[in-house]
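Taking it in order: structure first as structure tokens, then the write-up.
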Amino acid sequence: MNVPIHYYLILSAFVFLTGLVGVLVRRNIIVILLCVELMLNATNINFVAFAEYLHDLGGQIFVFFTLTVAAAEVGVGLAIVVAIHRSKDTINVEEFNLLKW
Amino acid sequence: MAYVFFGYFAGVIALTAVLVVALRNPVYSALALLVMFFHVAGLYVTLRAEFLFAVQLMVYAGAILIFYLFAVMFLTEKTPDRYHIQSWGSLLIGGAIIVETAVLVGQHSVSFGSTVERTALSPPSEEGNTESIGQLLYTSYLFPFEVASLILLVAMIGAVVLSKKDLSESPPS
């Protein structure tokens, strides 16, 4: 008795949309990065569910590459956040206007 | 039975995903994300991806989330005083855990002495999840694997350079 795959797809879509809404509405840049992690996890759930249902391990392999991207994102992203915080003393994205003049 | 497990994991994942977005305090958002990572790992077990379960716990819950918590506590401007208040209930729980750990370790060190006889470690007859993933990763997906390691190297160098340079000073040109 297996759970049909569209249950996993609905769960993954819900988590992905939650992360997307979080990226759009939150103003704390660390919470925005957390929401990006939510979206990456939603894709991971999809990959593993399809790997199980298509009997192909390639989906599980791709989770590793998503994991690599997530690790690189958190490293570089938080370094940028620390650098911006050092120069502007805030982590509110509304006050980042370095590209305006 | 599969539906029960899926329902539990999916429910907690959906709830904590909403909490990550909805909670005001970034520390609570990060902790909700931690709970979500654990339940995604549980979902991987029901999908027969045991190696990814371990990787999810170690990399996501262990490394990435600690990094986020460090950044939250490092960058949040004014820390409320209630972070520094320790309740006496936590001392009780921590003491109970210490006593239980001591009892468990004590039992094991006693039983290791004489009564337990070793069984020969037979090689696993069937190829497991970890073996097949390793086999595939080092044959068919060798080139993407190397590219992934290059991405990690570039990210590491980039993080070091970014956190050393001070953005407020004018560029030397």
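Labels used: A, B, ... for chains in the order of the structure tokens, numbers from 1 for residues in each chain, and numbers from 1 for ligands as shown.
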
Distance-based interface of chain A with chain B, 6 Å, counting only C-alpha atoms, as a VMD selection string:
chain A and resid 22 72 75 to 76 79 83 87

Export of the given selection (N, CA and C atoms) as a short mmCIF file (atom, residue, chain, number, x, y, z; two decimals), in the first residue's frame:
```
data_model
loop_
_atom_site.label_atom_id
_atom_site.label_comp_id
_atom_site.auth_asym_id
_atom_site.auth_seq_id
_atom_site.Cartn_x
_atom_site.Cartn_y
_atom_site.Cartn_z
N GLY A 22 7.41 33.67 1.40
CA GLY A 22 8.30 34.19 2.42
C GLY A 22 9.38 35.08 1.83
N ALA A 72 26.66 26.08 -0.70
CA ALA A 72 27.35 27.24 -1.27
C ALA A 72 26.54 28.51 -1.05
N GLY A 75 26.86 29.68 2.56
CA GLY A 75 28.17 30.24 2.85
C GLY A 75 28.34 31.62 2.25
N VAL A 76 28.12 31.73 0.95
CA VAL A 76 28.31 33.03 0.29
C VAL A 76 27.26 34.03 0.75
N ALA A 79 28.02 35.38 4.13
CA ALA A 79 29.19 36.26 4.07
C ALA A 79 28.80 37.63 3.54
N ALA A 83 28.96 41.21 5.48
CA ALA A 83 29.67 42.36 4.90
C ALA A 83 28.74 43.57 4.82
N SER A 87 28.87 47.35 6.81
CA SER A 87 28.97 48.68 6.21
C SER A 87 27.71 49.51 6.43
#
```

Surrounding residues of segment 55-68 of chain A excluding itself and chain neighbours under 6 positions, 6 Å, only C-alpha atoms, as a PDB file with N, CA and C atoms, in the first residue's frame:
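Here's the written file part-v7.pdb:
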```
ATOM      1  N   ASN A  44      13.863  18.877  -3.193  1.00  0.00           N
ATOM      2  CA  ASN A  44      14.456  17.607  -2.772  1.00  0.00           C
ATOM      3  C   ASN A  44      13.394  16.552  -2.537  1.00  0.00           C
ATOM      4  N   PHE A  47      12.413  15.210  -5.849  1.00  0.00           N
ATOM      5  CA  PHE A  47      13.436  14.338  -6.429  1.00  0.00           C
ATOM      6  C   PHE A  47      13.366  12.943  -5.817  1.00  0.00           C
ATOM      7  N   VAL A  48      13.282  12.881  -4.483  1.00  0.00           N
ATOM      8  CA  VAL A  48      13.303  11.575  -3.835  1.00  0.00           C
ATOM      9  C   VAL A  48      12.018  10.801  -4.130  1.00  0.00           C
TER      10      VAL A  48
END
```

What's the 10 Å shell around Val93 of chain A, counting only C-alpha atoms, without same-chain residues fewer than 6 positions away, as JSON, numbers by chain?
{"A": [26, 27, 28, 29, 30, 32]}

Now that the selection is made, can you save its residues with C-alpha atoms as a PDB file, in the first residue's frame?
```
ATOM      1  CA  ARG A  26       9.676  39.121   4.667  1.00  0.00           C
ATOM      2  CA  ARG A  27      12.107  41.985   5.159  1.00  0.00           C
ATOM      3  CA  ASN A  28      14.750  40.339   7.325  1.00  0.00           C
ATOM      4  CA  ILE A  29      17.419  39.090   4.948  1.00  0.00           C
ATOM      5  CA  ILE A  30      18.262  36.044   7.069  1.00  0.00           C
ATOM      6  CA  ILE A  32      14.701  35.358   3.221  1.00  0.00           C
TER       7      ILE A  32
END
```

Where does DSSP see alpha helix (DSSP H) in segment 119-165 of chain B, if you list the residues as a PyMOL selection string?
chain B and resi 129-137+142-164

Near Ile5 of chain A, within 8 Å and counting only C-alpha atoms, which residues show up once chain neighbours fewer than 3 positions away are dropped, as a list in words?
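That gives Tyr8, Leu9, Ala49, Phe50 and Tyr53 of chain A.
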